[in-house]
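Student: Have a peek at my_file.cif (mmCIF, C-alpha atoms and all ligand atoms).
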data_data
#
loop_
_atom_site.label_atom_id
_atom_site.label_comp_id
_atom_site.auth_asym_id
_atom_site.auth_seq_id
_atom_site.Cartn_x
_atom_site.Cartn_y
_atom_site.Cartn_z
CA MET A 1 62.62 74.95 69.74
CA ILE A 2 63.77 78.53 70.32
CA PRO A 3 67.41 77.99 71.36
CA TYR A 4 69.01 79.87 74.29
CA GLY A 5 71.70 81.22 71.99
CA ARG A 6 72.84 81.02 68.42
CA GLN A 7 75.45 82.48 66.09
CA ASN A 8 74.74 85.42 63.78
CA ILE A 9 76.44 84.82 60.42
CA ASP A 10 75.58 86.85 57.32
CA ASP A 11 76.68 87.02 53.67
CA ASP A 12 79.65 89.29 54.49
CA ASP A 13 80.93 86.68 56.92
CA VAL A 14 80.55 83.94 54.31
CA ALA A 15 82.35 86.06 51.67
CA ALA A 16 85.24 86.77 54.08
CA VAL A 17 85.72 83.05 54.71
CA VAL A 18 85.49 82.17 51.02
CA ALA A 19 88.13 84.79 50.20
CA VAL A 20 90.58 83.14 52.59
CA LEU A 21 89.81 79.69 51.19
CA ARG A 22 90.89 80.99 47.77
CA SER A 23 94.05 82.65 49.13
CA GLU A 24 97.58 81.45 49.86
CA PHE A 25 97.16 80.84 53.59
CA VAL A 26 94.52 78.80 55.30
CA THR A 27 96.21 78.09 58.61
CA GLN A 28 97.69 80.82 60.84
CA GLY A 29 98.72 83.63 58.52
CA PRO A 30 97.90 87.28 57.78
CA ALA A 31 94.20 86.94 58.63
CA VAL A 32 95.10 85.91 62.18
CA SER A 33 97.26 89.03 62.71
CA ALA A 34 94.51 91.19 61.21
CA PHE A 35 91.93 89.66 63.57
CA GLU A 36 94.23 90.25 66.55
CA LYS A 37 94.54 93.90 65.49
CA ALA A 38 90.78 94.27 65.09
CA VAL A 39 90.17 93.00 68.62
CA LEU A 40 92.92 95.24 70.06
CA THR A 41 91.56 98.30 68.24
CA HIS A 42 88.20 97.64 69.84
CA CYS A 43 89.27 96.85 73.40
CA GLY A 44 92.41 98.95 73.78
CA GLY A 45 94.79 96.16 74.83
CA ARG A 46 98.32 96.19 73.35
CA TYR A 47 98.98 92.56 72.38
CA GLY A 48 96.59 89.88 71.18
CA VAL A 49 97.29 86.16 70.81
CA ALA A 50 94.56 84.36 68.85
CA VAL A 51 94.22 80.64 69.52
CA ASN A 52 91.88 77.74 68.75
CA SER A 53 89.65 78.22 71.83
CA ALA A 54 89.23 80.26 74.98
CA THR A 55 90.14 77.11 76.90
CA SER A 56 93.55 77.14 75.16
CA ALA A 57 93.90 80.88 75.83
CA LEU A 58 93.21 80.31 79.54
CA HIS A 59 95.80 77.52 79.61
CA LEU A 60 98.43 79.73 77.92
CA ALA A 61 97.56 82.65 80.24
CA CYS A 62 98.12 80.48 83.32
CA LEU A 63 101.41 79.11 81.94
CA ALA A 64 102.67 82.58 80.95
CA LEU A 65 101.96 83.78 84.51
CA GLY A 66 104.19 80.98 85.77
CA LEU A 67 101.51 78.78 87.29
CA GLY A 68 102.87 75.30 87.98
CA PRO A 69 103.05 72.45 90.48
CA GLY A 70 103.02 73.75 94.06
CA ASP A 71 101.09 76.88 93.08
CA GLY A 72 97.44 77.67 93.69
CA ALA A 73 94.91 79.63 91.68
CA TRP A 74 91.38 80.67 92.55
CA THR A 75 88.34 81.18 90.39
CA THR A 76 84.56 81.34 90.71
CA PRO A 77 82.42 78.19 90.92
CA ILE A 78 79.68 79.73 88.74
CA SER A 79 81.39 79.37 85.38
CA PHE A 80 82.06 76.90 82.63
CA VAL A 81 84.49 74.18 83.78
CA ALA A 82 87.26 75.61 81.56
CA SER A 83 87.82 78.48 84.04
CA ALA A 84 89.07 75.92 86.59
CA ASN A 85 90.48 73.22 84.30
CA CYS A 86 93.16 75.60 82.98
CA VAL A 87 94.70 75.67 86.48
CA LEU A 88 94.84 71.87 86.66
CA TYR A 89 96.43 71.66 83.18
CA CYS A 90 99.41 73.51 84.71
CA GLY A 91 99.71 71.03 87.58
CA ALA A 92 98.62 73.69 90.09
CA THR A 93 95.78 73.37 92.59
CA VAL A 94 92.48 75.20 92.22
CA ASP A 95 90.15 76.65 94.81
CA PHE A 96 86.90 78.59 94.49
CA VAL A 97 85.76 81.96 95.80
CA ASP A 98 82.01 82.16 96.42
CA VAL A 99 79.79 84.40 94.28
CA ASP A 100 77.36 87.16 95.06
CA PRO A 101 74.07 85.38 94.26
CA ALA A 102 72.52 88.65 93.06
CA THR A 103 74.99 89.03 90.16
CA ALA A 104 76.56 85.54 90.00
CA ASN A 105 79.94 87.29 89.81
CA MET A 106 82.77 86.57 92.26
CA SER A 107 82.04 88.24 95.59
CA MET A 108 84.84 90.67 96.40
CA ASP A 109 83.98 90.43 100.12
CA ARG A 110 84.42 86.65 100.01
CA LEU A 111 87.66 87.08 98.03
CA GLU A 112 89.04 89.50 100.60
CA GLU A 113 88.10 87.22 103.53
CA LYS A 114 89.70 84.27 101.82
CA LEU A 115 92.88 86.27 101.12
CA VAL A 116 93.14 87.35 104.77
CA ALA A 117 92.87 83.71 105.86
CA ALA A 118 95.32 82.53 103.18
CA GLU A 119 97.90 85.11 104.17
CA ARG A 120 97.72 83.84 107.74
CA ASP A 121 98.11 80.22 106.58
CA GLY A 122 100.73 80.93 103.91
CA THR A 123 98.46 79.71 101.11
CA LEU A 124 97.99 82.85 99.02
CA PRO A 125 97.13 82.14 95.36
CA LYS A 126 99.49 83.00 92.53
CA VAL A 127 96.66 83.75 90.13
CA VAL A 128 92.97 84.69 90.46
CA ILE A 129 90.75 84.05 87.43
CA VAL A 130 87.74 86.35 87.44
CA VAL A 131 84.73 85.59 85.20
CA HIS A 132 82.41 88.28 83.81
CA MET A 133 79.28 86.20 84.27
CA CYS A 134 76.61 86.61 81.57
CA GLY A 135 78.67 89.48 80.12
CA GLN A 136 78.53 91.83 83.09
CA PRO A 137 82.04 92.76 84.30
CA ALA A 138 83.02 91.75 87.82
CA ASP A 139 84.23 94.43 90.24
CA MET A 140 87.65 94.79 88.64
CA ALA A 141 88.86 97.85 90.57
CA ARG A 142 88.55 95.86 93.78
CA VAL A 143 90.28 92.85 92.27
CA GLY A 144 93.12 95.12 91.15
CA GLU A 145 93.42 96.65 94.61
CA LEU A 146 93.49 93.22 96.28
CA ALA A 147 95.99 91.95 93.69
CA SER A 148 98.48 94.68 94.59
CA ARG A 149 97.91 94.18 98.32
CA TYR A 150 98.30 90.38 98.25
CA GLY A 151 100.64 89.97 95.28
CA PHE A 152 98.63 87.75 92.95
CA ARG A 153 98.18 88.03 89.18
CA VAL A 154 94.78 88.47 87.56
CA VAL A 155 93.24 86.77 84.52
CA GLU A 156 89.87 88.00 83.28
CA ASP A 157 87.87 85.16 81.75
CA ALA A 158 85.87 87.48 79.49
CA SER A 159 84.44 84.64 77.40
CA HIS A 160 81.00 86.24 77.86
CA ALA A 161 82.09 89.83 77.72
CA ILE A 162 83.67 91.08 74.50
CA GLY A 163 81.92 94.41 73.92
CA ALA A 164 81.21 95.04 77.62
CA SER A 165 82.70 97.98 79.49
CA TYR A 166 83.75 98.79 83.03
CA CYS A 167 84.11 102.34 84.38
CA GLY A 168 84.30 103.76 80.86
CA GLN A 169 86.82 101.25 79.53
CA GLN A 170 86.26 98.28 77.28
CA VAL A 171 86.81 94.83 78.76
CA GLY A 172 90.25 93.86 77.44
CA SER A 173 91.90 97.20 78.22
CA GLY A 174 93.77 95.39 81.00
CA ARG A 175 93.57 98.28 83.42
CA TYR A 176 93.12 95.93 86.42
CA SER A 177 94.38 92.59 85.13
CA ASP A 178 97.38 90.90 83.51
CA ILE A 179 95.59 88.95 80.77
CA THR A 180 92.03 89.00 79.39
CA VAL A 181 90.61 85.99 77.53
CA PHE A 182 87.80 86.08 74.96
CA SER A 183 85.87 83.12 73.50
CA PHE A 184 84.55 82.92 69.96
CA HIS A 185 82.45 79.78 70.40
CA PRO A 186 79.20 80.08 68.37
CA VAL A 187 76.94 80.83 71.35
CA LYS A 188 79.17 83.72 72.51
CA ILE A 189 78.98 87.36 71.37
CA ILE A 190 80.98 86.91 68.14
CA THR A 191 82.20 83.64 66.66
CA THR A 192 85.03 82.06 64.69
CA GLY A 193 83.43 78.58 64.84
CA GLU A 194 85.85 77.67 67.61
CA GLY A 195 88.39 80.17 68.82
CA GLY A 196 89.72 82.37 71.57
CA MET A 197 92.16 85.20 72.23
CA ALA A 198 94.39 86.28 75.08
CA VAL A 199 94.95 90.04 75.32
CA THR A 200 97.64 91.68 77.46
CA ASN A 201 99.60 94.92 77.78
CA ASP A 202 102.77 93.07 78.80
CA PRO A 203 105.12 92.27 75.88
CA LEU A 204 106.79 89.41 77.76
CA LEU A 205 103.50 87.68 78.56
CA ALA A 206 102.44 88.12 74.92
CA GLU A 207 105.72 86.63 73.68
CA ALA A 208 105.45 83.67 76.06
CA MET A 209 101.88 82.92 74.95
CA ARG A 210 102.75 83.35 71.27
CA ARG A 211 105.55 80.83 71.56
CA LEU A 212 103.49 78.30 73.55
CA ARG A 213 100.73 78.56 70.95
CA SER A 214 103.03 76.91 68.43
CA HIS A 215 105.05 74.14 70.16
CA GLY A 216 107.38 76.49 72.06
CA ILE A 217 109.22 77.13 68.80
CA THR A 218 110.89 80.40 67.81
CA ARG A 219 112.52 81.54 64.56
CA GLU A 220 113.40 85.08 65.71
CA SER A 221 117.16 85.45 65.20
CA SER A 222 117.49 87.61 68.33
CA GLU A 223 116.05 84.78 70.45
CA LEU A 224 118.03 81.82 69.11
CA ARG A 225 120.57 80.14 71.40
CA VAL A 226 122.66 79.06 68.40
CA ALA A 227 123.47 81.80 65.90
CA GLY A 228 124.34 81.37 62.21
CA GLU A 229 123.16 77.78 61.77
CA GLY A 230 121.27 78.68 58.60
CA PRO A 231 118.06 80.19 57.28
CA TRP A 232 116.10 76.95 57.93
CA TYR A 233 116.95 76.99 61.58
CA TYR A 234 114.43 77.21 64.44
CA GLU A 235 114.55 76.25 68.09
CA GLN A 236 112.05 74.67 70.44
CA GLN A 237 112.87 76.33 73.74
CA SER A 238 109.92 75.20 75.86
CA LEU A 239 107.14 72.60 75.70
CA GLY A 240 104.34 74.27 73.77
CA PHE A 241 101.24 73.10 71.93
CA ASN A 242 99.48 73.42 68.63
CA TYR A 243 96.85 75.92 69.74
CA ARG A 244 96.90 77.96 66.50
CA MET A 245 93.83 79.57 65.02
CA THR A 246 93.36 79.18 61.26
CA ASP A 247 93.11 82.07 58.81
CA ILE A 248 89.69 80.65 57.88
CA GLN A 249 88.48 81.22 61.44
CA ALA A 250 90.23 84.58 61.77
CA ALA A 251 88.63 85.92 58.58
CA LEU A 252 85.24 85.10 60.08
CA GLY A 253 86.36 86.76 63.32
CA SER A 254 87.41 90.02 61.62
CA SER A 255 84.15 90.15 59.72
CA GLN A 256 82.23 89.53 62.96
CA MET A 257 84.23 92.26 64.76
CA ARG A 258 82.79 94.81 62.31
CA LYS A 259 79.37 93.95 63.71
CA LEU A 260 80.33 93.69 67.38
CA THR A 261 78.74 97.00 68.37
CA SER A 262 75.46 96.26 66.62
CA LEU A 263 75.34 92.69 67.93
CA VAL A 264 75.80 93.91 71.52
CA ALA A 265 73.26 96.70 70.93
CA ALA A 266 70.70 94.14 69.72
CA ARG A 267 71.30 91.98 72.79
CA THR A 268 71.02 95.03 75.06
CA CYS A 269 67.67 96.00 73.50
CA LEU A 270 66.30 92.50 73.91
CA ALA A 271 67.48 92.38 77.53
CA ALA A 272 65.75 95.70 78.28
CA ARG A 273 62.62 94.35 76.67
CA TYR A 274 62.79 91.19 78.84
CA ASP A 275 63.09 93.51 81.87
CA GLU A 276 59.80 95.16 80.91
CA LEU A 277 57.94 92.02 79.89
CA LEU A 278 58.95 90.20 83.07
CA ALA A 279 58.29 93.07 85.46
CA ASP A 280 55.00 91.63 86.77
CA LEU A 281 56.12 88.01 86.98
CA PRO A 282 57.56 86.45 90.15
CA VAL A 283 61.04 86.08 88.62
CA ARG A 284 64.18 87.99 89.51
CA PRO A 285 66.72 89.03 86.84
CA LEU A 286 70.35 89.41 87.89
CA ALA A 287 71.34 92.66 89.57
CA ARG A 288 73.37 95.21 87.59
CA ALA A 289 75.85 97.86 88.58
CA ASN A 290 75.54 101.21 86.82
CA ASP A 291 79.29 101.82 86.40
CA ARG A 292 79.52 99.05 83.79
CA SER A 293 77.71 97.74 80.73
CA SER A 294 77.08 94.09 79.94
CA ALA A 295 77.67 92.38 76.59
CA TRP A 296 74.52 90.38 77.43
CA HIS A 297 75.79 86.93 76.58
CA LEU A 298 73.07 85.45 78.81
CA TYR A 299 69.79 86.63 80.31
CA VAL A 300 69.37 84.73 83.59
CA VAL A 301 66.43 84.94 85.96
CA SER A 302 65.93 83.35 89.33
CA VAL A 303 62.70 81.36 89.70
CA GLU A 304 61.07 79.25 92.40
CA ARG A 305 60.71 75.52 91.67
CA ARG A 306 63.17 75.80 88.81
CA ARG A 307 63.03 72.12 87.84
CA LYS A 308 59.29 72.28 87.11
CA VAL A 309 59.52 75.61 85.29
CA PHE A 310 62.46 74.33 83.22
CA GLU A 311 60.65 71.16 82.17
CA ARG A 312 57.47 72.97 81.26
CA LEU A 313 59.36 75.52 79.16
CA ARG A 314 61.31 72.83 77.32
CA ALA A 315 58.03 71.01 76.65
CA ALA A 316 56.65 74.29 75.25
CA GLY A 317 59.57 74.52 72.78
CA ILE A 318 61.55 77.14 74.70
CA GLY A 319 65.24 76.17 74.84
CA VAL A 320 65.92 77.40 78.35
CA ASN A 321 69.16 76.35 79.99
CA VAL A 322 71.03 76.54 83.29
CA HIS A 323 74.33 78.41 83.58
CA TYR A 324 76.06 76.97 85.47
CA ILE A 325 76.14 73.87 87.63
CA PRO A 326 78.70 74.96 90.27
CA ILE A 327 82.06 73.54 89.15
CA TYR A 328 82.76 71.98 92.57
CA ARG A 329 79.63 69.81 92.09
CA GLN A 330 81.15 68.12 89.03
CA PRO A 331 82.22 64.59 90.01
CA TYR A 332 85.80 65.28 88.93
CA TYR A 333 86.00 68.23 91.33
CA GLU A 334 83.83 66.69 94.04
CA ALA A 335 86.44 63.94 94.30
CA MET A 336 88.94 66.65 95.36
CA GLY A 337 86.90 67.18 98.51
CA PHE A 338 85.00 70.41 97.76
CA GLN A 339 81.87 70.83 99.89
CA PRO A 340 78.80 72.71 98.60
CA GLU A 341 78.12 74.09 102.12
CA LYS A 342 81.24 76.23 101.78
CA PHE A 343 79.62 78.13 98.90
CA PRO A 344 76.20 79.39 100.04
CA GLY A 345 76.17 82.14 97.39
CA ALA A 346 76.75 79.71 94.53
CA GLU A 347 74.27 77.20 95.95
CA SER A 348 71.54 79.81 96.31
CA TYR A 349 72.17 81.20 92.81
CA TYR A 350 72.21 77.72 91.27
CA ALA A 351 68.96 76.68 92.96
CA GLY A 352 66.90 79.19 90.98
CA ALA A 353 68.97 80.05 87.88
CA LEU A 354 67.23 79.80 84.52
CA THR A 355 68.70 81.14 81.25
CA LEU A 356 66.13 82.51 78.80
CA PRO A 357 66.78 82.58 75.03
CA LEU A 358 68.82 85.63 74.01
CA PHE A 359 70.59 86.17 70.67
CA PRO A 360 70.51 89.05 68.19
CA GLN A 361 68.03 87.48 65.75
CA LEU A 362 65.47 86.65 68.46
CA THR A 363 62.30 88.36 67.24
CA GLU A 364 59.93 90.36 69.41
CA ARG A 365 57.28 87.73 68.75
CA GLN A 366 59.54 84.92 69.87
CA GLN A 367 60.41 86.93 72.94
CA GLU A 368 56.72 87.36 73.78
CA GLN A 369 56.28 83.61 73.24
CA VAL A 370 59.03 82.96 75.79
CA VAL A 371 57.42 85.28 78.34
CA VAL A 372 53.91 83.81 77.87
CA ALA A 373 55.31 80.29 78.24
CA LEU A 374 57.27 81.37 81.33
CA ALA A 375 54.16 82.89 82.93
CA GLU A 376 52.27 79.66 82.31
CA ALA A 377 55.11 77.50 83.57
CA ILE A 378 55.32 79.40 86.83
CA ARG A 379 51.61 79.06 87.53
C1 LIG B 1 82.67 79.33 76.73
C2 LIG B 1 83.50 79.56 77.93
C3 LIG B 1 84.83 79.12 78.03
C4 LIG B 1 85.46 78.23 77.01
O1 LIG B 1 85.43 78.77 75.75
P1 LIG B 1 85.86 77.89 74.48
O2 LIG B 1 86.18 78.92 73.45
O3 LIG B 1 84.69 77.03 74.15
O4 LIG B 1 87.05 77.08 74.87
C5 LIG B 1 85.55 79.48 79.14
N1 LIG B 1 85.02 80.20 80.12
C6 LIG B 1 83.74 80.62 80.08
C7 LIG B 1 83.21 81.46 81.19
C8 LIG B 1 82.93 80.30 78.99
O5 LIG B 1 81.65 80.68 78.96
#
Kindly transcribe the structure held in the file into structure tokens.

Tutor:
Amino acid sequence: MIPYGRQNIDDDDVAAVVAVLRSEFVTQGPAVSAFEKAVLTHCGGRYGVAVNSATSALHLACLALGLGPGDGAWTTPISFVASANCVLYCGATVDFVDVDPATANMSMDRLEEKLVAAERDGTLPKVVIVVHMCGQPADMARVGELASRYGFRVVEDASHAIGASYCGQQVGSGRYSDITVFSFHPVKIITTGEGGMAVTNDPLLAEAMRRLRSHGITRESSELRVAGEGPWYYEQQSLGFNYRMTDIQAALGSSQMRKLTSLVAARTCLAARYDELLADLPVRPLARANDRSSAWHLYVVSVERRRKVFERLRAAGIGVNVHYIPIYRQPYYEAMGFQPEKFPGAESYYAGALTLPLFPQLTERQQEQVVVALAEAIR
């Protein structure tokens, strides 16, 4: 089976991990700070907080922005469930903004309409979580403009999008958002096994997330409520978690960061090649905007009779997938009363979406195999 995605780990990565295993620190230590710096150097953000998953980073981002019971946050239904679950972890309520079916990114027109209605009803969200679906950035300038008009905070769920850019700036620069979250799960652009990072330009948000990452504990003498207790002294000042990344993971992350540009370039080449190979088939790739570049986490096409095409491809050894089942269709969310009819964009996208295999080591021959199998499956 040709999988839809897979990690790219070479001898340098293995050597970096082995070096940490032989060193003093294996849990959060100097390799974590070095990895945070490497990501910041690439994306241009000021503070990075590495954690054990993007899910944890989303949770910390929501908490740092003050999301709690009585608050609301909005996200897109075409995402992994973690983009919405992080809101519920905080005791807040979640709602969805429909997508543009052509890009599968949040529709800024639908967001604006929903904000107008929410202002009238007094139900404006505190936070909006935007997802860069498949690696292509959402329309961040418009999100930023709406955020200042309606007074909400913005989290970019950039789990698909490290290495992507928007209007000349790397995703993670934070030009139009408060916090950007990256995922380092093995199918994503770079990996740490499991891992994530929250990036921000706000020192207070960074400090809040750093503390929550490790139980809400601080040892900084300037922050202690009780002074002079002794050198062993620390204080737990809020209810945090153990969301720490290990130095083992971070060493892999730093090594992977050195290859980020070439990994994204390889994905971009393969995506362009899919564009050509698929040009004569009755399938529609996602639309792209020319003021931004994708990190190409996923290559999604829209096909007729998706179920049949999917089954035939799987039978032919092509590991196609579907990203994503709209979150409101999950039984846990359905029970909250969400109705698919309210999201025609997401429903229409989901009806035809098919993810083709895309990862840096995919060979040209394998790619041709995928396209031949797809052509046969459609017939
Ligand atoms: C993968 C993913 C996550 C969760 O990432 P983990 O690192 O596995 O926790 C969140 N949001 C989106 C959009 C994702 O694709």

Student: For Ala206 in chain A, which residue among A:Ala50, A:Val283, A:Val94, A:Leu374 is the nearest when counting all atoms listed in the file?

Tutor: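 Looking at the shortest contact to Ala206 in chain A, the residue is A:Ala50.
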
Student: Kindly assemble as a tab-separated table a list of the range 33-122 of chain A residues that lie within 6 Å of range 322-346 of chain A, each paired with its nearest atom pair and their distance in Å to one decimal, using only C-alpha atoms, sorted first by chain and then by ascending residue number.

Tutor:
residue	atom	partner	partner_atom	distance
A:Pro77	CA	A:Pro326	CA	5.0
A:Ile78	CA	A:Pro326	CA	5.1
A:Ser79	CA	A:Tyr324	CA	5.8
A:Val81	CA	A:Ile327	CA	5.9
A:Asp98	CA	A:Phe343	CA	5.3
A:Val99	CA	A:Gly345	CA	5.3
A:Asp100	CA	A:Gly345	CA	5.7
A:Pro101	CA	A:Gly345	CA	5.0

Student: Could you tell me how far CA of Arg149 in chain A sits from CA of Gly122 in chain A, in Å to one decimal place?

Tutor: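 These two atoms are separated by 14.7 Å.
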
Student: What are the centre and edge lengths in Å, to one decimal, of the axis-aligned box around all listed atoms of range 241-247 of chain A with 8 Å added on each side, as lines of an AutoDock Vina configuration file?

Tutor:
center_x = 97.2
center_y = 77.6
center_z = 65.4
size_x = 24.1
size_y = 25.0
size_z = 29.1

Student: Within 9 Å of ligand LIG 1 (chain B), which residues of chain A show up? Give each one with its shortest atom-to-atom distance in Å (one decimal) and the two atoms involved, counting all atoms listed in the file, rows by chain then rising residue number, as JSON lines.

Tutor:
{"residue": "A:Asn52", "atom": "CA", "partner": "B:LIG1", "partner_atom": "O2", "distance": 7.5}
{"residue": "A:Ser53", "atom": "CA", "partner": "B:LIG1", "partner_atom": "O2", "distance": 3.9}
{"residue": "A:Ala54", "atom": "CA", "partner": "B:LIG1", "partner_atom": "O2", "distance": 3.7}
{"residue": "A:Thr55", "atom": "CA", "partner": "B:LIG1", "partner_atom": "O4", "distance": 3.7}
{"residue": "A:Ser56", "atom": "CA", "partner": "B:LIG1", "partner_atom": "O4", "distance": 6.5}
{"residue": "A:Ala57", "atom": "CA", "partner": "B:LIG1", "partner_atom": "O4", "distance": 7.9}
{"residue": "A:Leu58", "atom": "CA", "partner": "B:LIG1", "partner_atom": "C5", "distance": 7.7}
{"residue": "A:Ile78", "atom": "CA", "partner": "B:LIG1", "partner_atom": "C7", "distance": 8.5}
{"residue": "A:Ser79", "atom": "CA", "partner": "B:LIG1", "partner_atom": "C7", "distance": 5.0}
{"residue": "A:Phe80", "atom": "CA", "partner": "B:LIG1", "partner_atom": "C6", "distance": 4.8}
{"residue": "A:Val81", "atom": "CA", "partner": "B:LIG1", "partner_atom": "N1", "distance": 7.1}
{"residue": "A:Ala82", "atom": "CA", "partner": "B:LIG1", "partner_atom": "C5", "distance": 4.9}
{"residue": "A:Ser83", "atom": "CA", "partner": "B:LIG1", "partner_atom": "N1", "distance": 5.1}
{"residue": "A:Ala84", "atom": "CA", "partner": "B:LIG1", "partner_atom": "N1", "distance": 8.8}
{"residue": "A:Val131", "atom": "CA", "partner": "B:LIG1", "partner_atom": "C7", "distance": 6.0}
{"residue": "A:His132", "atom": "CA", "partner": "B:LIG1", "partner_atom": "C7", "distance": 7.3}
{"residue": "A:Met133", "atom": "CA", "partner": "B:LIG1", "partner_atom": "C7", "distance": 6.9}
{"residue": "A:Cys134", "atom": "CA", "partner": "B:LIG1", "partner_atom": "O5", "distance": 8.2}
{"residue": "A:Asp157", "atom": "CA", "partner": "B:LIG1", "partner_atom": "N1", "distance": 5.9}
{"residue": "A:Ala158", "atom": "CA", "partner": "B:LIG1", "partner_atom": "C7", "distance": 6.8}
{"residue": "A:Ser159", "atom": "CA", "partner": "B:LIG1", "partner_atom": "C8", "distance": 4.9}
{"residue": "A:His160", "atom": "CA", "partner": "B:LIG1", "partner_atom": "O5", "distance": 5.7}
{"residue": "A:Val181", "atom": "CA", "partner": "B:LIG1", "partner_atom": "C5", "distance": 8.4}
{"residue": "A:Phe182", "atom": "CA", "partner": "B:LIG1", "partner_atom": "O2", "distance": 7.5}
{"residue": "A:Ser183", "atom": "CA", "partner": "B:LIG1", "partner_atom": "O2", "distance": 4.2}
{"residue": "A:Phe184", "atom": "CA", "partner": "B:LIG1", "partner_atom": "O2", "distance": 5.6}
{"residue": "A:His185", "atom": "CA", "partner": "B:LIG1", "partner_atom": "O2", "distance": 4.9}
{"residue": "A:Pro186", "atom": "CA", "partner": "B:LIG1", "partner_atom": "O3", "distance": 8.5}
{"residue": "A:Val187", "atom": "CA", "partner": "B:LIG1", "partner_atom": "C1", "distance": 8.0}
{"residue": "A:Lys188", "atom": "CA", "partner": "B:LIG1", "partner_atom": "C1", "distance": 7.0}
{"residue": "A:Glu194", "atom": "CA", "partner": "B:LIG1", "partner_atom": "O2", "distance": 6.0}
{"residue": "A:Gly195", "atom": "CA", "partner": "B:LIG1", "partner_atom": "O2", "distance": 5.3}
{"residue": "A:Gly196", "atom": "CA", "partner": "B:LIG1", "partner_atom": "O2", "distance": 5.3}
{"residue": "A:Met197", "atom": "CA", "partner": "B:LIG1", "partner_atom": "O2", "distance": 8.8}
{"residue": "A:His297", "atom": "CA", "partner": "B:LIG1", "partner_atom": "O5", "distance": 8.9}
{"residue": "A:His323", "atom": "CA", "partner": "B:LIG1", "partner_atom": "O5", "distance": 8.9}

Student: Which residue, A:Asp109, A:Glu119, A:Glu207, A:Glu276, has the smallest gap to Tyr47 in chain A when you use only C-alpha atoms?

Tutor: A:Glu207

Student: Please return, as an MDAnalysis selection string, all polymer residues that have at least one atom within 9 Å of the point (84.9, 94.2, 95.3); use all atoms listed in the file and the file's own coordinate frame.

Tutor: chainID A and resid 106:112 138:143 145:146

Student: Put those residues in a file: C-alpha atoms, as a compact mmCIF listing (two decimals), keeping the file's coordinate frame.

Tutor:
# COMPACT_ATOMS: atom_id res chain seq x y z
CA MET A 106 82.77 86.57 92.26
CA SER A 107 82.04 88.24 95.59
CA MET A 108 84.84 90.67 96.40
CA ASP A 109 83.98 90.43 100.12
CA ARG A 110 84.42 86.65 100.01
CA LEU A 111 87.66 87.08 98.03
CA GLU A 112 89.04 89.50 100.60
CA ALA A 138 83.02 91.75 87.82
CA ASP A 139 84.23 94.43 90.24
CA MET A 140 87.65 94.79 88.64
CA ALA A 141 88.86 97.85 90.57
CA ARG A 142 88.55 95.86 93.78
CA VAL A 143 90.28 92.85 92.27
CA GLU A 145 93.42 96.65 94.61
CA LEU A 146 93.49 93.22 96.28

Student: Using only C-alpha atoms, list the residues that have an atom at most 7 Å from (83.9, 87.4, 58.6), coordinates as in the file, as a list of chain:residue names.

Tutor: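 With a cut-off of 7 Å, the residues come to A:Asp12, A:Asp13, A:Val14, A:Ala16, A:Val17, A:Ala251, A:Leu252, A:Gly253, A:Ser254, A:Ser255, A:Gln256.
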
Student: Please measure the separation of CA of Leu356 in chain A and CA of Glu304 in chain A, giving the value in Å to one decimal.

Tutor: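 CA of Leu356 in chain A sits 14.9 Å away from CA of Glu304 in chain A.
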
Student: From the set A:Thr268, A:Ser348, A:Ser293, A:Thr41, which residue has the shortest atom-to-atom contact distance to Arg306 in chain A, counting all atoms listed in the file?

Tutor: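 Smallest distance to Arg306 in chain A is found for A:Ser348.
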
Student: For Glu376 in chain A, which residue out of A:Ala227, A:Ala161, A:Leu313, A:Ala92 is the nearest one, using only C-alpha atoms?

Tutor: A:Leu313

Student: Take CA of Leu204 in chain A and CA of Gly163 in chain A and report the distance between them in Å, one decimal.

Tutor: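 These atoms are spaced 25.7 Å apart.
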
Student: Restricting the calculation to only C-alpha atoms: of A:Arg213, A:Arg120, A:Arg219, A:Arg6, which residue gets closest to Phe359 in chain A?

Tutor: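 Using only C-alpha atoms, Phe359 in chain A sits closest to A:Arg6.
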
Student: Counting all atoms listed in the file, what is within 9 Å of Ala375 in chain A, bar same-chain residues fewer than 6 positions away, as a PyMOL selection string?

Tutor: chain A and resi 278+281-282

Student: Using only C-alpha atoms, find the one residue out of A:Cys269, A:Ala208, A:Ile2, A:Leu21 that sits nearest to Cys62 in chain A.

Tutor: A:Ala208

Student: Find the residues around Gly66 in chain A up to 10 Å (all atoms listed in the file counted), leave out those fewer than 3 positions away in its own chain, and share them as a list of chain:residue names.

Tutor: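 Using all atoms listed in the file, the neighbours found are A:Leu60, A:Ala61, A:Cys62, A:Leu63, A:Pro69, A:Asp71, A:Cys90, A:Lys126, A:Val127, A:Arg153, A:Leu205.
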
Student: So that I can see what lies close to Ala265 in chain A, please list as a VMD selection string the residues with an atom at most 10 Å from it, counting all atoms listed in the file and leaving out residues fewer than 4 positions away in the same chain.

Tutor: chain A and resid 163 259 to 261 269 to 271 295 to 296 360
